[in-house]
file start_4.txt (compact mmCIF, C-alpha atoms)
# COMPACT_ATOMS: atom_id res chain seq x y z
CA MET A 1 71.95 119.69 120.82
CA ILE A 2 71.00 121.12 124.26
CA GLY A 3 71.29 124.67 122.97
CA ARG A 4 69.13 123.89 119.95
CA CYS A 5 66.49 122.23 122.09
CA ALA A 6 66.44 125.25 124.40
CA VAL A 7 65.75 127.52 121.43
CA VAL A 8 63.04 125.19 120.18
CA PHE A 9 61.36 125.07 123.56
CA CYS A 10 61.46 128.84 123.82
CA LEU A 11 59.74 129.04 120.46
CA LEU A 12 57.13 126.64 121.75
CA LEU A 13 56.34 128.89 124.72
CA ALA A 14 54.11 131.14 122.67
CA ALA A 15 52.19 128.18 121.34
CA CYS A 16 51.59 126.54 124.68
CA GLY A 17 48.75 128.80 125.65
CA ARG A 18 46.78 128.31 122.48
CA SER A 19 47.34 124.58 121.93
CA ASP A 20 44.23 122.55 122.56
CA ASN A 21 44.16 119.83 125.16
CA HIS A 22 44.49 117.12 122.54
CA ALA A 23 47.76 118.40 121.10
CA TRP A 24 51.10 117.23 122.43
CA LEU A 25 53.99 119.62 121.96
CA GLY A 26 57.25 118.51 120.45
CA TYR A 27 59.80 119.17 117.73
CA ALA A 28 61.29 117.53 114.68
CA GLU A 29 64.52 115.65 115.09
CA GLY A 30 66.89 113.79 112.77
CA ASP A 31 69.36 110.92 113.03
CA THR A 32 72.46 112.17 111.27
CA ALA A 33 74.77 109.83 109.35
CA PHE A 34 78.40 110.57 110.19
CA VAL A 35 80.74 109.75 107.30
CA ALA A 36 84.18 108.93 108.65
CA ALA A 37 87.51 108.41 106.97
CA PRO A 38 88.16 104.64 106.94
CA GLN A 39 91.89 105.40 107.02
CA ALA A 40 93.87 108.22 108.55
CA GLY A 41 95.25 110.87 106.22
CA TRP A 42 95.41 114.46 105.08
CA VAL A 43 92.23 115.76 103.47
CA SER A 44 93.32 116.77 99.98
CA ASN A 45 89.96 117.50 98.36
CA LEU A 46 86.51 118.40 99.68
CA ARG A 47 83.64 118.11 97.21
CA VAL A 48 80.66 119.15 99.37
CA GLU A 49 79.62 121.98 101.66
CA ARG A 50 76.89 122.44 104.25
CA GLY A 51 73.45 122.32 102.67
CA ALA A 52 74.53 120.33 99.62
CA VAL A 53 72.23 117.50 98.55
CA VAL A 54 74.11 114.29 97.83
CA LYS A 55 73.13 110.92 96.39
CA GLN A 56 74.56 107.47 96.87
CA GLY A 57 77.89 107.22 95.07
CA ASP A 58 78.65 110.95 95.10
CA LEU A 59 82.24 111.78 96.02
CA LEU A 60 82.39 113.56 99.38
CA PHE A 61 86.10 114.02 100.03
CA THR A 62 89.51 112.62 99.14
CA LEU A 63 92.48 111.77 101.33
CA ASP A 64 96.09 112.11 100.22
CA ASP A 65 97.02 108.88 98.41
CA THR A 66 100.79 109.19 97.92
CA ASN A 67 101.68 106.09 99.96
CA GLN A 68 98.84 104.01 98.56
CA THR A 69 99.76 104.87 94.97
CA ALA A 70 103.37 103.91 95.61
CA ALA A 71 102.32 100.57 97.11
CA ARG A 72 100.15 99.84 94.08
CA ASP A 73 102.92 100.71 91.63
CA GLN A 74 105.41 98.59 93.56
CA ALA A 75 103.08 95.59 93.39
CA LYS A 76 102.64 96.08 89.64
CA ALA A 77 106.42 96.18 89.19
CA ALA A 78 106.81 92.94 91.17
CA ILE A 79 104.24 91.23 88.93
CA ALA A 80 106.01 92.43 85.79
CA GLN A 81 109.34 91.17 87.12
CA ALA A 82 107.86 87.77 87.97
CA GLU A 83 106.30 87.48 84.52
CA GLY A 84 109.66 88.24 82.91
CA GLN A 85 111.45 85.63 85.00
CA MET A 86 108.74 83.06 84.32
CA GLY A 87 109.43 82.97 80.59
CA GLN A 88 113.07 82.08 81.04
CA ALA A 89 112.31 79.61 83.85
CA GLN A 90 109.71 77.77 81.79
CA ALA A 91 112.13 77.53 78.84
CA SER A 92 114.75 76.01 81.12
CA LEU A 93 112.15 73.58 82.47
CA VAL A 94 111.23 72.43 78.96
CA LEU A 95 114.89 71.81 78.04
CA SER A 96 115.66 70.01 81.30
CA LYS A 97 112.60 67.80 80.83
CA LYS A 98 113.73 66.82 77.33
CA GLU A 99 117.19 66.00 78.60
CA LEU A 100 115.75 63.92 81.44
CA ILE A 101 113.62 61.94 79.00
CA ARG A 102 116.67 61.40 76.75
CA GLN A 103 118.88 60.26 79.62
CA SER A 104 116.14 57.96 80.87
CA GLY A 105 116.00 56.22 77.47
CA LEU A 106 119.77 55.96 77.24
CA LEU A 107 119.96 54.51 80.73
CA ARG A 108 117.47 51.78 79.88
CA SER A 109 119.54 50.82 76.79
CA GLY A 110 122.79 50.97 78.75
CA ALA A 111 124.15 53.80 76.60
CA THR A 112 124.65 56.24 79.53
CA SER A 113 125.66 56.15 83.15
CA LYS A 114 123.49 56.47 86.23
CA GLN A 115 125.44 59.58 87.14
CA ALA A 116 124.46 61.34 83.89
CA TYR A 117 120.81 60.42 84.51
CA ASP A 118 120.96 61.75 88.08
CA GLN A 119 122.43 65.01 86.84
CA ALA A 120 119.60 65.41 84.32
CA LYS A 121 117.03 64.60 87.03
CA SER A 122 118.58 67.15 89.38
CA ALA A 123 118.54 69.83 86.66
CA TYR A 124 114.87 69.11 85.96
CA ASP A 125 113.91 69.28 89.65
CA THR A 126 115.77 72.55 90.05
CA ALA A 127 114.02 74.08 87.00
CA ALA A 128 110.61 72.88 88.25
CA ALA A 129 111.27 74.32 91.72
CA LEU A 130 112.26 77.66 90.19
CA VAL A 131 109.03 77.82 88.18
CA ALA A 132 107.00 77.04 91.31
CA GLN A 133 108.87 79.71 93.25
CA ILE A 134 108.24 82.34 90.60
CA GLU A 135 104.56 81.37 90.46
CA ALA A 136 104.28 81.81 94.22
CA THR A 137 106.05 85.16 94.04
CA GLU A 138 103.69 86.33 91.30
CA GLN A 139 100.60 85.19 93.23
CA GLN A 140 101.82 87.04 96.29
CA ALA A 141 102.46 90.16 94.23
CA ARG A 142 98.96 89.96 92.74
CA ALA A 143 97.47 89.62 96.22
CA THR A 144 99.49 92.64 97.30
CA LEU A 145 98.22 94.54 94.27
CA THR A 146 94.61 93.71 95.16
CA GLY A 147 95.15 95.00 98.69
CA ALA A 148 96.96 98.09 97.49
CA ALA A 149 94.23 98.87 94.96
CA TYR A 150 91.59 98.54 97.68
CA GLN A 151 93.54 100.80 100.04
CA LEU A 152 93.86 103.32 97.23
CA SER A 153 90.13 103.21 96.49
CA GLU A 154 89.40 103.93 100.15
CA ARG A 155 91.07 107.31 99.79
CA ASP A 156 88.06 108.49 97.76
CA VAL A 157 85.15 108.52 100.21
CA VAL A 158 81.71 108.42 98.60
CA SER A 159 78.27 108.79 100.10
CA ARG A 160 76.43 105.58 100.96
CA THR A 161 73.12 107.38 101.44
CA ASN A 162 70.97 110.17 100.03
CA GLY A 163 70.50 113.34 102.02
CA ARG A 164 71.61 116.85 102.80
CA VAL A 165 75.02 117.69 104.21
CA GLN A 166 74.61 119.02 107.75
CA ASP A 167 78.19 119.79 108.66
CA VAL A 168 81.82 119.51 107.55
CA PHE A 169 84.34 118.74 110.30
CA PHE A 170 87.63 118.62 108.34
CA ARG A 171 88.77 120.70 105.41
CA PRO A 172 91.65 120.42 102.89
CA GLY A 173 94.99 120.61 104.64
CA GLU A 174 93.70 119.09 107.87
CA TYR A 175 94.63 115.62 109.12
CA ALA A 176 91.65 113.33 109.66
CA PRO A 177 92.22 110.41 112.05
CA ALA A 178 90.82 107.04 111.03
CA MET A 179 87.14 106.44 111.86
CA THR A 180 86.64 110.13 112.70
CA PRO A 181 83.64 111.84 111.00
CA VAL A 182 84.58 114.25 108.25
CA VAL A 183 81.09 114.98 106.89
CA SER A 184 77.62 114.52 108.39
CA ILE A 185 74.54 113.84 106.26
CA LEU A 186 70.86 113.80 107.20
CA PRO A 187 68.92 111.26 105.12
CA PRO A 188 65.26 112.31 104.63
CA GLY A 189 64.10 108.99 106.03
CA ASN A 190 65.82 109.74 109.34
CA VAL A 191 63.63 112.75 110.22
CA TYR A 192 61.12 112.06 112.99
CA VAL A 193 59.23 113.89 115.74
CA ARG A 194 59.89 113.84 119.46
CA PHE A 195 57.05 115.00 121.68
CA PHE A 196 55.95 114.91 125.31
CA VAL A 197 52.76 113.34 126.59
CA PRO A 198 51.40 114.37 130.00
CA GLU A 199 51.13 111.62 132.56
CA THR A 200 47.37 112.04 132.65
CA GLU A 201 47.15 111.16 128.93
CA PHE A 202 49.90 108.57 128.80
CA ALA A 203 47.41 105.70 128.60
CA LYS A 204 46.34 106.97 125.17
CA VAL A 205 49.75 106.28 123.64
CA LYS A 206 50.75 102.85 122.33
CA LEU A 207 53.65 101.60 120.25
CA GLY A 208 52.57 101.37 116.62
CA GLN A 209 49.85 103.98 117.11
CA LYS A 210 49.24 106.47 114.31
CA VAL A 211 49.53 110.17 115.13
CA SER A 212 48.93 113.36 113.20
CA VAL A 213 51.73 115.93 113.02
CA SER A 214 51.12 119.60 112.29
CA CYS A 215 53.13 122.80 112.41
CA ASP A 216 53.12 126.33 111.04
CA GLY A 217 53.49 126.24 107.27
CA CYS A 218 53.70 122.44 107.12
CA ALA A 219 51.89 120.25 104.65
CA LYS A 220 48.58 118.86 105.83
CA ASN A 221 47.82 115.26 106.72
CA ILE A 222 51.29 114.37 107.98
CA GLU A 223 51.08 111.03 109.72
CA ALA A 224 53.64 109.12 111.73
CA THR A 225 53.81 105.96 113.81
CA VAL A 226 54.85 105.85 117.45
CA THR A 227 58.12 103.91 117.58
CA PHE A 228 59.49 104.79 121.01
CA ILE A 229 58.01 105.51 124.43
CA ALA A 230 60.29 106.41 127.32
CA ALA A 231 60.32 103.85 130.11
CA ARG A 232 60.25 106.53 132.76
CA GLU A 233 58.49 109.83 133.14
CA GLU A 234 60.35 113.12 133.42
CA PHE A 235 59.53 116.65 134.41
CA THR A 236 58.23 118.91 131.69
CA PRO A 237 61.20 120.82 130.21
CA PRO A 238 61.35 123.88 132.48
CA VAL A 239 62.44 126.33 129.80
CA ILE A 240 58.99 126.50 128.22
CA PHE A 241 56.49 126.32 131.02
CA SER A 242 55.53 128.29 134.08
CA VAL A 243 56.42 127.22 137.59
CA GLY A 244 52.96 125.74 138.13
CA VAL A 245 52.99 123.65 134.96
CA ARG A 246 56.60 122.46 135.04
CA GLU A 247 55.83 120.24 138.00
CA LYS A 248 53.69 117.99 135.80
CA LEU A 249 55.24 114.75 134.62
CA VAL A 250 55.45 113.83 130.96
CA PHE A 251 56.69 110.87 128.91
CA LYS A 252 59.03 111.38 125.97
CA VAL A 253 57.68 109.74 122.81
CA GLU A 254 59.03 109.45 119.26
CA ALA A 255 57.13 108.84 116.05
CA ARG A 256 58.48 108.08 112.59
CA ALA A 257 57.32 107.49 109.04
CA HIS A 258 58.81 104.93 106.66
CA ALA A 259 60.12 107.57 104.24
CA GLY A 260 60.78 110.16 106.92
CA LEU A 261 58.80 113.30 107.69
CA PRO A 262 58.83 116.50 105.58
CA LEU A 263 60.12 118.56 108.50
CA HIS A 264 63.31 120.32 109.55
CA PRO A 265 65.11 119.25 112.75
CA GLY A 266 64.28 121.69 115.52
CA GLN A 267 60.94 122.68 113.99
CA PRO A 268 58.16 122.92 116.64
CA VAL A 269 55.21 120.59 116.03
CA ASP A 270 51.85 119.66 117.50
CA VAL A 271 51.06 115.95 117.67
CA ARG A 272 47.58 114.50 118.03
CA PRO A 273 46.45 110.89 118.29
CA LEU A 274 44.48 109.41 115.40
call {"tool": "encode", "arguments": {"input": "start_4.txt", "output": "structure tokens"}}
result
Amino acid sequence: MIGRCAVVFCLLLAACGRSDNHAWLGYAEGDTAFVAAPQAGWVSNLRVERGAVVKQGDLLFTLDDTNQTAARDQAKAAIAQAEGQMGQAQASLVLSKKELIRQSGLLRSGATSKQAYDQAKSAYDTAAALVAQIEATEQQARATLTGAAYQLSERDVVSRTNGRVQDVFFRPGEYAPAMTPVVSILPPGNVYVRFFVPETEFAKVKLGQKVSVSCDGCAKNIEATVTFIAAREEFTPPVIFSVGVREKLVFKVEARAHAGLPLHPGQPVDVRPL
């Protein structure tokens, strides 16, 4: 960033002499969106390069998903096993319930013993407990499947914004730590101007004030709104001014537009109050 600013300020040097007293010098800047890998892993596929324009939902890169696929398949197998056991357990529960009802009737008529009834009741309770256990196992397996499916989906990282790819930090075959940027994107709405107002003119600048932005080859009638004013003054950047002028104090100011500005970061601009 410092190197880029130095280049920009050097480019501004030639314009300083001819800028009128009402123009404040500055440059375009942009807030980059850094797209990180939500999980650690090897980058297996890269779908974008520098300069590519992406939209929301576009696939940016993919991480190796061997472990996540195995976890998903294991959860599916556990569900299938539970479903198979459930059929047999429910059949046993139905039979034990019928036997319990039969023994209950016989006991009331005195045609069976209390021991036979207790055995039927125990068999029914055991069958019911087995069904409940299998149900719990299946629910747990389904919860595991939901988590595994989500973890697997996180291996495909898509763009959550529109913009142009500024840089690629990891490429296929490289290991990307979790929460470490892999791709950076500059949304158009994040482009703004940063300029410097001399101390003698600082009273003219207010938050919310409209300013006009111009530059070589830019569209006309570019307007922005002042959204930031530095709390403290600073010396004029020394790389662009003479020894006599660099001693003057300036305030750093930023201005934005709702949909961004049609400028390129680093582009020199002149800013005038409206």
call {"tool": "closest_residue", "arguments": {"input": "start_4.txt", "among": "A:Val183, A:Ala78, A:Ala128, A:Leu263", "to": "Arg171 (chain A)", "atoms": "all atoms listed in the file"}}
result
A:Val183
call {"tool": "residues_around", "arguments": {"input": "start_4.txt", "residues": "Ser96 (chain A)", "least_positions_apart": "5", "cutoff": "7 Å", "atoms": "only C-alpha atoms", "output": "compact mmCIF listing (two decimals) with C-alpha atoms, keeping the file's coordinate frame"}}
result
# COMPACT_ATOMS: atom_id res chain seq x y z
CA ALA A 120 119.60 65.41 84.32
CA ALA A 123 118.54 69.83 86.66
CA TYR A 124 114.87 69.11 85.96
call {"tool": "closest_atom_pairs", "arguments": {"input": "start_4.txt", "of": "region 172-233 of chain A", "to": "region 51-62 of chain A", "cutoff": "12 Å", "atoms": "all atoms listed in the file", "output": "JSON lines"}}
result
{"residue": "A:Pro172", "atom": "CA", "partner": "A:Thr62", "partner_atom": "CA", "distance": 8.9}
{"residue": "A:Gly173", "atom": "CA", "partner": "A:Thr62", "partner_atom": "CA", "distance": 11.1}
{"residue": "A:Glu174", "atom": "CA", "partner": "A:Thr62", "partner_atom": "CA", "distance": 11.6}
{"residue": "A:Tyr175", "atom": "CA", "partner": "A:Thr62", "partner_atom": "CA", "distance": 11.6}
{"residue": "A:Ala176", "atom": "CA", "partner": "A:Thr62", "partner_atom": "CA", "distance": 10.8}
{"residue": "A:Pro181", "atom": "CA", "partner": "A:Phe61", "partner_atom": "CA", "distance": 11.5}
{"residue": "A:Val182", "atom": "CA", "partner": "A:Phe61", "partner_atom": "CA", "distance": 8.4}
{"residue": "A:Val183", "atom": "CA", "partner": "A:Leu60", "partner_atom": "CA", "distance": 7.8}
{"residue": "A:Ser184", "atom": "CA", "partner": "A:Leu60", "partner_atom": "CA", "distance": 10.2}
{"residue": "A:Ile185", "atom": "CA", "partner": "A:Val54", "partner_atom": "CA", "distance": 8.5}
{"residue": "A:Leu186", "atom": "CA", "partner": "A:Val53", "partner_atom": "CA", "distance": 9.5}
{"residue": "A:Pro187", "atom": "CA", "partner": "A:Val54", "partner_atom": "CA", "distance": 9.4}
{"residue": "A:Pro188", "atom": "CA", "partner": "A:Val53", "partner_atom": "CA", "distance": 10.6}
call {"tool": "closest_atom_pairs", "arguments": {"input": "start_4.txt", "of": "region 5-106 of chain A", "to": "region 191-209 of chain A", "cutoff": "10 Å", "atoms": "all atoms listed in the file", "output": "JSON lines"}}
result
{"residue": "A:Asn21", "atom": "CA", "partner": "A:Glu201", "partner_atom": "CA", "distance": 9.9}
{"residue": "A:His22", "atom": "CA", "partner": "A:Glu201", "partner_atom": "CA", "distance": 9.1}
{"residue": "A:Ala23", "atom": "CA", "partner": "A:Val197", "partner_atom": "CA", "distance": 9.0}
{"residue": "A:Trp24", "atom": "CA", "partner": "A:Val197", "partner_atom": "CA", "distance": 5.9}
{"residue": "A:Leu25", "atom": "CA", "partner": "A:Phe195", "partner_atom": "CA", "distance": 5.5}
{"residue": "A:Gly26", "atom": "CA", "partner": "A:Phe195", "partner_atom": "CA", "distance": 3.7}
{"residue": "A:Tyr27", "atom": "CA", "partner": "A:Arg194", "partner_atom": "CA", "distance": 5.6}
{"residue": "A:Ala28", "atom": "CA", "partner": "A:Val193", "partner_atom": "CA", "distance": 4.3}
{"residue": "A:Glu29", "atom": "CA", "partner": "A:Tyr192", "partner_atom": "CA", "distance": 5.4}
{"residue": "A:Gly30", "atom": "CA", "partner": "A:Val191", "partner_atom": "CA", "distance": 4.3}
{"residue": "A:Asp31", "atom": "CA", "partner": "A:Val191", "partner_atom": "CA", "distance": 6.6}
{"residue": "A:Thr32", "atom": "CA", "partner": "A:Val191", "partner_atom": "CA", "distance": 8.9}
call {"tool": "atom_distance", "arguments": {"input": "start_4.txt", "atom1": "CA of Ile229 (chain A)", "atom2": "CA of Thr161 (chain A)"}}
result
27.6 Å
call {"tool": "closest_residue", "arguments": {"input": "start_4.txt", "among": "A:Ala71, A:Val168, A:Cys218, A:Ala82", "to": "Tyr150 (chain A)", "atoms": "all atoms listed in the file"}}
result
A:Ala71
call {"tool": "closest_residue", "arguments": {"input": "start_4.txt", "among": "A:Ala230, A:Thr180, A:Glu135, A:Glu223", "to": "Gln85 (chain A)", "atoms": "all atoms listed in the file"}}
result
A:Glu135
call {"tool": "closest_residue", "arguments": {"input": "start_4.txt", "among": "A:Leu107, A:Gly189, A:Phe235, A:Lys76", "to": "Gln140 (chain A)", "atoms": "all atoms listed in the file"}}
result
A:Lys76
call {"tool": "closest_residue", "arguments": {"input": "start_4.txt", "among": "A:Phe228, A:Ser109, A:Leu130, A:Val213", "to": "Pro262 (chain A)", "atoms": "all atoms listed in the file"}}
result
A:Val213
call {"tool": "atom_distance", "arguments": {"input": "start_4.txt", "atom1": "CA of Gln74 (chain A)", "atom2": "CA of Val157 (chain A)"}}
result
23.5 Å
call {"tool": "closest_residue", "arguments": {"input": "start_4.txt", "among": "A:Ala33, A:Val269, A:Val226, A:Gly41", "to": "Asn67 (chain A)", "atoms": "only C-alpha atoms"}}
result
A:Gly41
call {"tool": "residues_around", "arguments": {"input": "start_4.txt", "residues": "Pro273 (chain A)", "least_positions_apart": "4", "cutoff": "7 Å", "atoms": "only C-alpha atoms", "output": "VMD selection string"}}
result
chain A and resid 210 to 212
call {"tool": "atom_distance", "arguments": {"input": "start_4.txt", "atom1": "CA of Ile79 (chain A)", "atom2": "CA of Arg142 (chain A)"}}
result
6.6 Å
call {"tool": "axis_aligned_box", "arguments": {"input": "start_4.txt", "around": "region 183-188 of chain A", "padding_each_side": "6 Å", "output": "AutoDock Vina command-line options"}}
result
--center_x 73.2 --center_y 113.1 --center_z 106.5 --size_x 27.8 --size_y 15.7 --size_z 15.8
call {"tool": "residues_around", "arguments": {"input": "start_4.txt", "residues": "Tyr117 (chain A)", "least_positions_apart": "2", "cutoff": "10 Å", "atoms": "all atoms listed in the file", "output": "ChimeraX atom specification"}}
result
/A:99-107,112-115,119-123
call {"tool": "residues_around", "arguments": {"input": "start_4.txt", "residues": "Thr66 (chain A)", "least_positions_apart": "2", "cutoff": "12 Å", "atoms": "all atoms listed in the file", "output": "PDB file with C-alpha atoms, in the frame of the given file"}}
result
ATOM      1  CA  GLY A  41      95.250 110.870 106.220  1.00  0.00           C
ATOM      2  CA  TRP A  42      95.410 114.460 105.080  1.00  0.00           C
ATOM      3  CA  SER A  44      93.320 116.770  99.980  1.00  0.00           C
ATOM      4  CA  THR A  62      89.510 112.620  99.140  1.00  0.00           C
ATOM      5  CA  LEU A  63      92.480 111.770 101.330  1.00  0.00           C
ATOM      6  CA  ASP A  64      96.090 112.110 100.220  1.00  0.00           C
ATOM      7  CA  GLN A  68      98.840 104.010  98.560  1.00  0.00           C
ATOM      8  CA  THR A  69      99.760 104.870  94.970  1.00  0.00           C
ATOM      9  CA  ALA A  70     103.370 103.910  95.610  1.00  0.00           C
ATOM     10  CA  ALA A  71     102.320 100.570  97.110  1.00  0.00           C
ATOM     11  CA  ARG A  72     100.150  99.840  94.080  1.00  0.00           C
ATOM     12  CA  ASP A  73     102.920 100.710  91.630  1.00  0.00           C
ATOM     13  CA  ALA A 148      96.960  98.090  97.490  1.00  0.00           C
ATOM     14  CA  GLN A 151      93.540 100.800 100.040  1.00  0.00           C
ATOM     15  CA  LEU A 152      93.860 103.320  97.230  1.00  0.00           C
ATOM     16  CA  ARG A 155      91.070 107.310  99.790  1.00  0.00           C
TER      17      ARG A 155
END
